[in-house]
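Colleague: The structure file coords_35.cif (mmCIF, C-alpha atoms) is provided below.
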data_query
loop_
_atom_site.label_atom_id
_atom_site.label_comp_id
_atom_site.auth_asym_id
_atom_site.auth_seq_id
_atom_site.Cartn_x
_atom_site.Cartn_y
_atom_site.Cartn_z
CA MET S 477 19.01 -11.83 -123.64
CA GLU S 478 21.86 -10.91 -121.32
CA PHE S 479 22.71 -12.21 -117.83
CA LYS S 480 25.51 -10.94 -115.62
CA TRP S 481 27.16 -12.29 -112.46
CA THR S 482 30.16 -11.36 -110.28
CA TYR S 483 32.51 -14.22 -109.43
CA GLN S 484 33.08 -13.90 -105.68
CA GLU S 485 35.04 -17.01 -104.68
CA PRO S 486 38.64 -16.61 -103.40
CA PHE S 487 39.81 -19.55 -105.54
CA SER S 488 39.87 -19.80 -109.34
CA SER S 489 37.26 -21.71 -111.35
CA LEU S 490 36.59 -22.49 -114.99
CA VAL S 491 33.85 -20.46 -116.65
CA ARG S 492 32.13 -23.75 -117.49
CA THR S 493 32.01 -24.81 -113.83
CA PHE S 494 30.76 -21.42 -112.69
CA LEU S 495 27.99 -21.26 -115.30
CA LYS S 496 26.84 -24.76 -114.40
CA ARG S 497 26.31 -23.51 -110.84
CA GLN S 498 24.17 -20.71 -112.25
CA GLY S 499 21.90 -23.28 -113.91
CA ILE S 500 23.25 -23.11 -117.46
CA SER S 501 23.14 -26.61 -118.94
CA LYS S 502 25.43 -28.19 -121.54
CA LYS S 503 22.61 -27.83 -124.06
CA LEU S 504 22.32 -24.11 -123.39
CA LEU S 505 26.09 -23.69 -123.54
CA ALA S 506 26.06 -25.34 -126.98
CA LYS S 507 23.32 -22.96 -128.10
CA ILE S 508 25.35 -20.00 -126.88
CA LYS S 509 28.43 -21.26 -128.74
CA PHE S 510 26.85 -22.23 -132.04
CA GLN S 511 23.79 -19.98 -132.40
CA GLY S 512 25.20 -16.50 -131.94
CA GLY S 513 25.56 -16.13 -128.18
CA LYS S 514 28.56 -14.86 -126.25
CA ILE S 515 30.45 -15.39 -123.00
CA LEU S 516 32.30 -12.33 -121.75
CA VAL S 517 34.61 -11.93 -118.78
CA ASN S 518 35.22 -8.30 -117.85
CA GLU S 519 33.75 -7.30 -121.25
CA THR S 520 36.21 -9.52 -123.17
CA GLU S 521 34.90 -12.58 -125.03
CA GLN S 522 36.19 -15.85 -123.56
CA ASN S 523 35.49 -19.58 -123.88
CA VAL S 524 34.27 -21.97 -121.18
CA LEU S 525 37.81 -23.02 -120.24
CA PHE S 526 38.82 -19.55 -119.14
CA SER S 527 39.89 -19.43 -115.47
CA LEU S 528 37.96 -16.97 -113.31
CA LYS S 529 39.38 -15.07 -110.35
CA ALA S 530 37.63 -13.14 -107.60
CA HIS S 531 35.57 -10.12 -108.70
CA ASP S 532 35.54 -11.05 -112.38
CA ILE S 533 32.33 -9.96 -114.13
CA VAL S 534 30.83 -12.78 -116.19
CA THR S 535 28.30 -11.85 -118.86
CA VAL S 536 26.36 -14.37 -120.92
CA VAL S 537 24.41 -13.35 -124.02
CA ILE S 538 21.81 -15.99 -124.91
CA PRO S 539 20.53 -15.89 -128.50
CA ASP S 540 16.83 -15.48 -129.18
CA GLU S 541 14.81 -18.68 -129.56
CA GLU S 542 13.37 -19.74 -132.89
CA PRO S 543 9.57 -20.01 -132.58
CA HIS S 544 7.96 -23.44 -132.89
CA GLU S 545 6.11 -23.25 -136.18
CA THR S 546 3.98 -26.24 -135.17
CA LEU S 547 2.35 -24.28 -132.33
CA LEU S 548 -0.53 -22.32 -133.80
CA ALA S 549 -1.54 -18.93 -132.45
CA ASP S 550 -5.10 -18.35 -131.18
CA ASP S 551 -5.77 -14.64 -130.93
CA VAL S 552 -7.98 -14.85 -127.84
CA PRO S 553 -7.45 -12.48 -124.89
CA ILE S 554 -5.70 -13.85 -121.79
CA GLU S 555 -6.05 -12.61 -118.22
CA ILE S 556 -2.56 -11.73 -117.05
CA VAL S 557 -1.90 -11.96 -113.31
CA PHE S 558 1.83 -11.10 -113.49
CA GLU S 559 4.49 -10.55 -116.12
CA ASP S 560 8.15 -9.61 -116.21
CA GLU S 561 10.95 -10.35 -118.67
CA HIS S 562 11.22 -13.94 -117.40
CA LEU S 563 7.73 -15.02 -116.27
CA LEU S 564 4.11 -14.91 -117.35
CA ILE S 565 1.31 -15.95 -114.99
CA VAL S 566 -2.25 -16.16 -116.29
CA ASN S 567 -5.69 -17.03 -114.96
CA LYS S 568 -6.76 -20.09 -116.95
CA PRO S 569 -10.51 -20.47 -117.47
CA ALA S 570 -12.20 -23.82 -116.98
CA GLY S 571 -12.82 -25.76 -120.18
CA ILE S 572 -9.50 -24.82 -121.80
CA ALA S 573 -6.68 -27.37 -122.09
CA SER S 574 -3.16 -26.31 -121.11
CA ILE S 575 -1.35 -27.61 -124.19
CA PRO S 576 -2.33 -28.97 -127.62
CA ALA S 577 -2.73 -32.66 -128.34
CA GLN S 578 -2.06 -34.54 -131.57
CA TYR S 579 -5.62 -34.24 -132.88
CA HIS S 580 -6.43 -30.97 -131.11
CA PRO S 581 -3.72 -28.54 -132.29
CA ARG S 582 -5.40 -25.35 -131.06
CA GLY S 583 -7.86 -23.97 -128.53
CA THR S 584 -5.44 -24.24 -125.58
CA MET S 585 -3.76 -21.77 -123.25
CA ALA S 586 -0.45 -22.39 -125.04
CA ASN S 587 -2.04 -21.29 -128.33
CA ARG S 588 -3.41 -18.14 -126.68
CA VAL S 589 -0.07 -17.29 -125.09
CA LYS S 590 1.66 -17.80 -128.44
CA ALA S 591 -0.67 -15.21 -130.03
CA TYR S 592 0.03 -12.83 -127.13
CA TYR S 593 3.80 -13.14 -127.72
CA VAL S 594 3.36 -12.60 -131.47
CA ASN S 595 1.16 -9.53 -130.97
CA LYS S 596 3.68 -8.08 -128.53
CA GLU S 597 6.49 -8.82 -131.03
CA TYR S 598 8.60 -10.45 -128.35
CA ALA S 599 12.04 -11.62 -129.46
CA ASN S 600 11.44 -15.01 -127.81
CA GLN S 601 8.14 -16.49 -128.98
CA VAL S 602 8.60 -20.08 -127.79
CA VAL S 603 5.91 -20.98 -125.24
CA HIS S 604 7.34 -22.69 -122.14
CA VAL S 605 4.67 -24.22 -119.89
CA VAL S 606 5.89 -24.63 -116.30
CA THR S 607 2.72 -25.58 -114.38
CA ARG S 608 -0.19 -27.24 -116.18
CA LEU S 609 -3.80 -27.53 -115.13
CA ASP S 610 -6.42 -30.06 -116.24
CA ARG S 611 -8.84 -28.82 -118.90
CA ASP S 612 -11.68 -28.27 -116.42
CA THR S 613 -9.54 -26.84 -113.62
CA SER S 614 -9.36 -23.05 -113.46
CA GLY S 615 -6.77 -20.76 -111.92
CA LEU S 616 -3.11 -19.81 -111.85
CA MET S 617 -0.88 -21.14 -114.61
CA LEU S 618 2.83 -20.30 -114.94
CA PHE S 619 4.81 -19.88 -118.17
CA ALA S 620 8.52 -19.17 -118.58
CA LYS S 621 9.33 -16.61 -121.26
CA HIS S 622 12.61 -18.21 -122.32
CA GLY S 623 14.40 -21.55 -122.02
CA PHE S 624 16.85 -20.52 -119.30
CA ALA S 625 14.00 -19.40 -117.03
CA HIS S 626 12.17 -22.65 -117.79
CA ALA S 627 15.20 -24.72 -116.75
CA LYS S 628 15.61 -22.76 -113.50
CA LEU S 629 11.91 -23.05 -112.66
CA ASP S 630 11.91 -26.79 -113.41
CA GLN S 631 14.82 -27.12 -111.00
CA GLY S 632 12.72 -25.40 -108.36
CA LEU S 633 9.85 -27.79 -109.02
CA GLN S 634 12.15 -30.81 -108.64
CA GLN S 635 13.47 -29.42 -105.36
CA ASN S 636 9.91 -28.96 -104.01
CA GLN S 637 10.29 -25.19 -103.82
CA PHE S 638 6.84 -24.57 -105.31
CA VAL S 639 3.69 -24.38 -103.19
CA LYS S 640 0.48 -24.67 -105.22
CA LYS S 641 -2.88 -24.62 -103.46
CA TYR S 642 -6.38 -25.33 -104.71
CA GLN S 643 -9.93 -24.77 -103.59
CA ALA S 644 -12.53 -27.42 -104.31
CA LEU S 645 -16.24 -27.91 -103.85
CA VAL S 646 -17.14 -31.44 -102.82
CA SER S 647 -20.32 -33.39 -102.13
CA GLY S 648 -21.14 -36.82 -100.70
CA GLU S 649 -20.08 -37.68 -97.16
CA VAL S 650 -19.13 -34.11 -96.27
CA GLU S 651 -20.00 -34.64 -92.59
CA SER S 652 -16.99 -36.97 -92.36
CA LEU S 653 -14.50 -34.25 -93.35
CA GLN S 654 -12.18 -33.14 -90.54
CA ASP S 655 -11.15 -29.51 -90.04
CA HIS S 656 -7.73 -30.57 -91.28
CA GLY S 657 -6.75 -33.90 -92.77
CA ASN S 658 -4.19 -35.80 -94.82
CA ILE S 659 -5.05 -38.37 -97.47
CA SER S 660 -2.22 -40.82 -98.13
CA LEU S 661 -3.39 -43.43 -100.62
CA PRO S 662 -1.45 -44.87 -103.59
CA ILE S 663 -2.78 -44.05 -107.05
CA GLY S 664 -2.51 -46.08 -110.26
CA ARG S 665 -4.27 -46.59 -113.55
CA ASP S 666 -7.82 -47.90 -113.70
CA LEU S 667 -7.50 -50.63 -116.32
CA SER S 668 -11.14 -50.25 -117.28
CA SER S 669 -10.47 -46.75 -118.68
CA LEU S 670 -7.88 -44.97 -120.82
CA VAL S 671 -7.94 -41.87 -118.62
CA LYS S 672 -9.28 -42.81 -115.20
CA ARG S 673 -7.10 -43.41 -112.14
CA GLN S 674 -7.90 -45.25 -108.91
CA VAL S 675 -6.61 -45.92 -105.42
CA ILE S 676 -4.75 -49.22 -105.68
CA GLU S 677 -2.10 -50.92 -103.54
CA THR S 678 0.30 -51.26 -106.47
CA GLY S 679 0.01 -47.57 -107.34
CA GLN S 680 2.42 -44.71 -106.73
CA LYS S 681 2.64 -42.95 -103.39
CA ALA S 682 0.27 -39.96 -103.26
CA GLU S 683 -0.35 -37.44 -100.46
CA THR S 684 -3.02 -34.74 -100.34
CA GLU S 685 -3.53 -32.30 -97.45
CA TYR S 686 -6.82 -30.47 -96.98
CA TRP S 687 -8.46 -27.87 -94.76
CA LEU S 688 -12.24 -27.60 -94.37
CA LYS S 689 -13.40 -24.02 -94.94
CA LYS S 690 -17.18 -24.45 -94.61
CA ARG S 691 -19.96 -26.93 -95.33
CA ASN S 692 -23.68 -27.51 -95.31
CA GLN S 693 -25.67 -30.71 -95.72
CA ALA S 694 -25.12 -30.86 -99.50
CA CYS S 695 -21.52 -29.79 -100.10
CA ALA S 696 -18.34 -28.32 -98.66
CA LEU S 697 -15.55 -25.93 -99.62
CA VAL S 698 -12.02 -27.18 -98.93
CA ASP S 699 -8.49 -25.85 -99.39
CA ILE S 700 -6.03 -28.38 -100.78
CA GLN S 701 -2.26 -28.70 -101.05
CA LEU S 702 -0.59 -31.48 -102.99
CA HIS S 703 2.57 -33.08 -101.65
CA THR S 704 2.93 -35.35 -104.69
CA GLY S 705 1.87 -34.81 -108.28
CA ARG S 706 -0.06 -37.83 -109.53
CA THR S 707 -2.49 -37.61 -112.42
CA HIS S 708 -6.02 -36.71 -111.18
CA GLN S 709 -4.69 -36.88 -107.60
CA ILE S 710 -7.15 -34.48 -105.99
CA ARG S 711 -10.09 -35.97 -107.86
CA VAL S 712 -9.14 -39.56 -107.00
CA HIS S 713 -8.34 -38.90 -103.34
CA LEU S 714 -11.48 -36.93 -102.56
CA SER S 715 -13.62 -39.51 -104.35
CA ALA S 716 -11.88 -42.27 -102.38
CA ILE S 717 -12.93 -40.73 -99.04
CA GLY S 718 -16.52 -40.34 -100.22
CA CYS S 719 -16.35 -36.65 -101.14
CA PRO S 720 -15.96 -36.33 -104.93
CA LEU S 721 -15.69 -32.95 -106.62
CA LEU S 722 -18.92 -31.32 -107.74
CA GLY S 723 -19.31 -31.67 -111.49
CA ASP S 724 -16.74 -34.46 -111.78
CA ASP S 725 -18.76 -37.17 -113.49
CA LEU S 726 -15.64 -39.30 -114.13
CA TYR S 727 -15.29 -39.81 -110.36
CA GLU S 728 -19.01 -39.84 -109.47
CA GLY S 729 -19.27 -36.21 -108.42
CA ALA S 730 -22.70 -34.62 -108.12
CA MET S 731 -23.98 -33.13 -111.39
CA ASP S 732 -27.14 -31.52 -109.99
CA LEU S 733 -25.74 -28.79 -107.74
CA GLY S 734 -25.21 -26.04 -110.30
CA ILE S 735 -21.83 -26.86 -111.81
CA GLU S 736 -20.96 -29.16 -114.70
CA ARG S 737 -17.17 -29.14 -114.58
CA GLN S 738 -14.89 -30.46 -111.86
CA ALA S 739 -15.12 -27.80 -109.15
CA LEU S 740 -11.39 -27.26 -108.75
CA HIS S 741 -9.55 -23.94 -108.81
CA CYS S 742 -5.80 -23.27 -108.39
CA TYR S 743 -5.99 -20.14 -106.26
CA SER S 744 -2.47 -19.85 -104.80
CA LEU S 745 1.02 -20.20 -106.27
CA SER S 746 4.31 -19.50 -104.52
CA PHE S 747 7.85 -20.11 -105.78
CA PRO S 748 11.35 -18.56 -105.79
CA HIS S 749 11.98 -16.19 -108.68
CA PRO S 750 14.55 -17.82 -110.98
CA PHE S 751 16.81 -14.76 -111.18
CA ARG S 752 16.00 -12.56 -108.18
CA GLU S 753 16.45 -13.43 -104.53
CA GLU S 754 12.79 -13.17 -103.66
CA ARG S 755 9.84 -15.47 -103.28
CA MET S 756 6.90 -14.77 -105.55
CA SER S 757 3.37 -15.36 -104.22
CA PHE S 758 0.07 -14.96 -106.04
CA GLU S 759 -3.57 -15.56 -105.17
CA LEU S 760 -6.82 -15.49 -107.12
CA PRO S 761 -10.43 -15.43 -105.94
CA LEU S 762 -12.63 -18.39 -106.78
CA ALA S 763 -13.84 -18.66 -110.36
CA ASP S 764 -17.34 -17.21 -110.78
CA ASP S 765 -19.15 -20.53 -111.19
CA MET S 766 -17.61 -21.93 -108.01
CA ALA S 767 -18.02 -18.67 -106.09
CA LYS S 768 -21.78 -18.66 -106.67
CA ILE S 769 -22.10 -22.07 -105.03
CA ALA S 770 -19.63 -21.30 -102.24
CA GLU S 771 -21.66 -18.23 -101.24
CA LEU S 772 -24.64 -20.48 -100.50
CA ILE S 773 -22.77 -22.78 -98.14
#
What is this file in structure tokens?

Modeller:
Amino acid sequence: MEFKWTYQEPFSSLVRTFLKRQGISKKLLAKIKFQGGKILVNETEQNVLFSLKAHDIVTVVIPDEEPHETLLADDVPIEIVFEDEHLLIVNKPAGIASIPAQYHPRGTMANRVKAYYVNKEYANQVVHVVTRLDRDTSGLMLFAKHGFAHAKLDQGLQQNQFVKKYQALVSGEVESLQDHGNISLPIGRDLSSLVKRQVIETGQKAETEYWLKKRNQACALVDIQLHTGRTHQIRVHLSAIGCPLLGDDLYEGAMDLGIERQALHCYSLSFPHPFREERMSFELPLADDMAKIAELI
């Protein structure tokens, strides 16, 4: 894969320094050097200590990635929301994990994406997961199609350049929900469980913002934006204010209102494209099982 930039500074700079500013790490530079890549300046191959001057054209050829043989391919269709040479965005169904675990090596979205890459005969078949979703959460899930894109997207995540929004169906004390509210409660492990979390003073800072869309006596539909990324954050916070997710039996959500998985859907994702000066924004309608309940509110 080839990337090209024009050096536009009036002062000189080492190729190494310039490429670092473009997001190319030492690890990626080593891969370029030792695994068949190239660095060209004005179409002539150079090393990282070459001194750039204004208007030089810098081209980097990144070698194809070797596929991870340990990741098995599941030839199951995926619903593609967007794809270009750098990104793949899919609609993840509920009930499917994002990535394999030690004793569950297949049946995940990563396995399905691997099969998609293989069937398409892509040069890069390594699966790079950028945004994960819990097994029972549906909606938008972002993959990078090569390691350089993954690194740039991770940088965007660390700099809070991503906006990810959810819709949830909740029950319980729905009359107490405000039109707009913020939940700021620390979250830590629940020592009585291997997986459960709880609101606890010694936990990590966690902030969840919500907007009430509609409600009836039994349940409500809310929009949610996370401002921190704690495990089970939405589930814990909504349960803590007396409004657990429908179908979320781990956090005492109602199991008798027509849905048996946590009623949480990632419907909106916005982030800067890693290589183009534009902001990418995507939205999905509610998953069918949640939409059927939301229509009755």

Colleague: Fewer than 6 positions away in the same chain doesn't count, so skip those; otherwise give me all residues within 8 Å of Gly499 of chain S, counting only C-alpha atoms, as a ChimeraX atom specification.

Modeller: /S:624,627-628

Colleague: For the atom pair atom CA of Cys695 of chain S and atom CA of Leu653 of chain S, what is the interatomic distance in Å to one decimal place?

Modeller: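 Pair atom CA of Cys695 of chain S / atom CA of Leu653 of chain S returns 10.7 Å.
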
Colleague: Which segment 586-613 of chain S residues have any atom within 12 Å of an atom of segment 720-744 of chain S, and for each, what is the nearest pair of atoms with distance in Å to one decimal, counting all atoms listed in the file, rows sorted by chain and number, as CSV?

Modeller:
residue,atom,partner,partner_atom,distance
S:Thr607,CA,S:Cys742,CA,10.7
S:Arg608,CA,S:Cys742,CA,10.4
S:Leu609,CA,S:Cys742,CA,8.2
S:Asp610,CA,S:Leu740,CA,9.4
S:Arg611,CA,S:Arg737,CA,9.4
S:Asp612,CA,S:Arg737,CA,5.9
S:Thr613,CA,S:Leu740,CA,5.2

Colleague: Work out how far atom CA of Lys502 of chain S is from atom CA of Gly623 of chain S, in Å to one decimal.

Modeller: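 Between these atoms lies a distance of 12.9 Å.
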
Colleague: For this file, the PyMOL selection byres ((chain S and resi 769) around 10) selects which residues, as a ChimeraX atom specification?

Modeller: /S:645,695-697,733-735,739,764-768,770-773

Colleague: Convert the output of the PyMOL selection byres ((chain S and resi 621) around 7) on the shown file into explicit residues, formatted as a VMD selection string.

Modeller: chain S and resid 561 to 564 603 to 604 619 to 620 622 625

Colleague: Hey, can you check how far atom CA of Ala682 of chain S sits from atom CA of Gln637 of chain S?

Modeller: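 So the two atoms, atom CA of Ala682 of chain S and atom CA of Gln637 of chain S, lie 17.9 Å apart.
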
Colleague: Go through the shown structure with the PyMOL selection byres ((chain S and resi 544) around 10) and write out the matching residues as a PyMOL selection string.

Modeller: chain S and resi 541-543+545-548+590+601-603
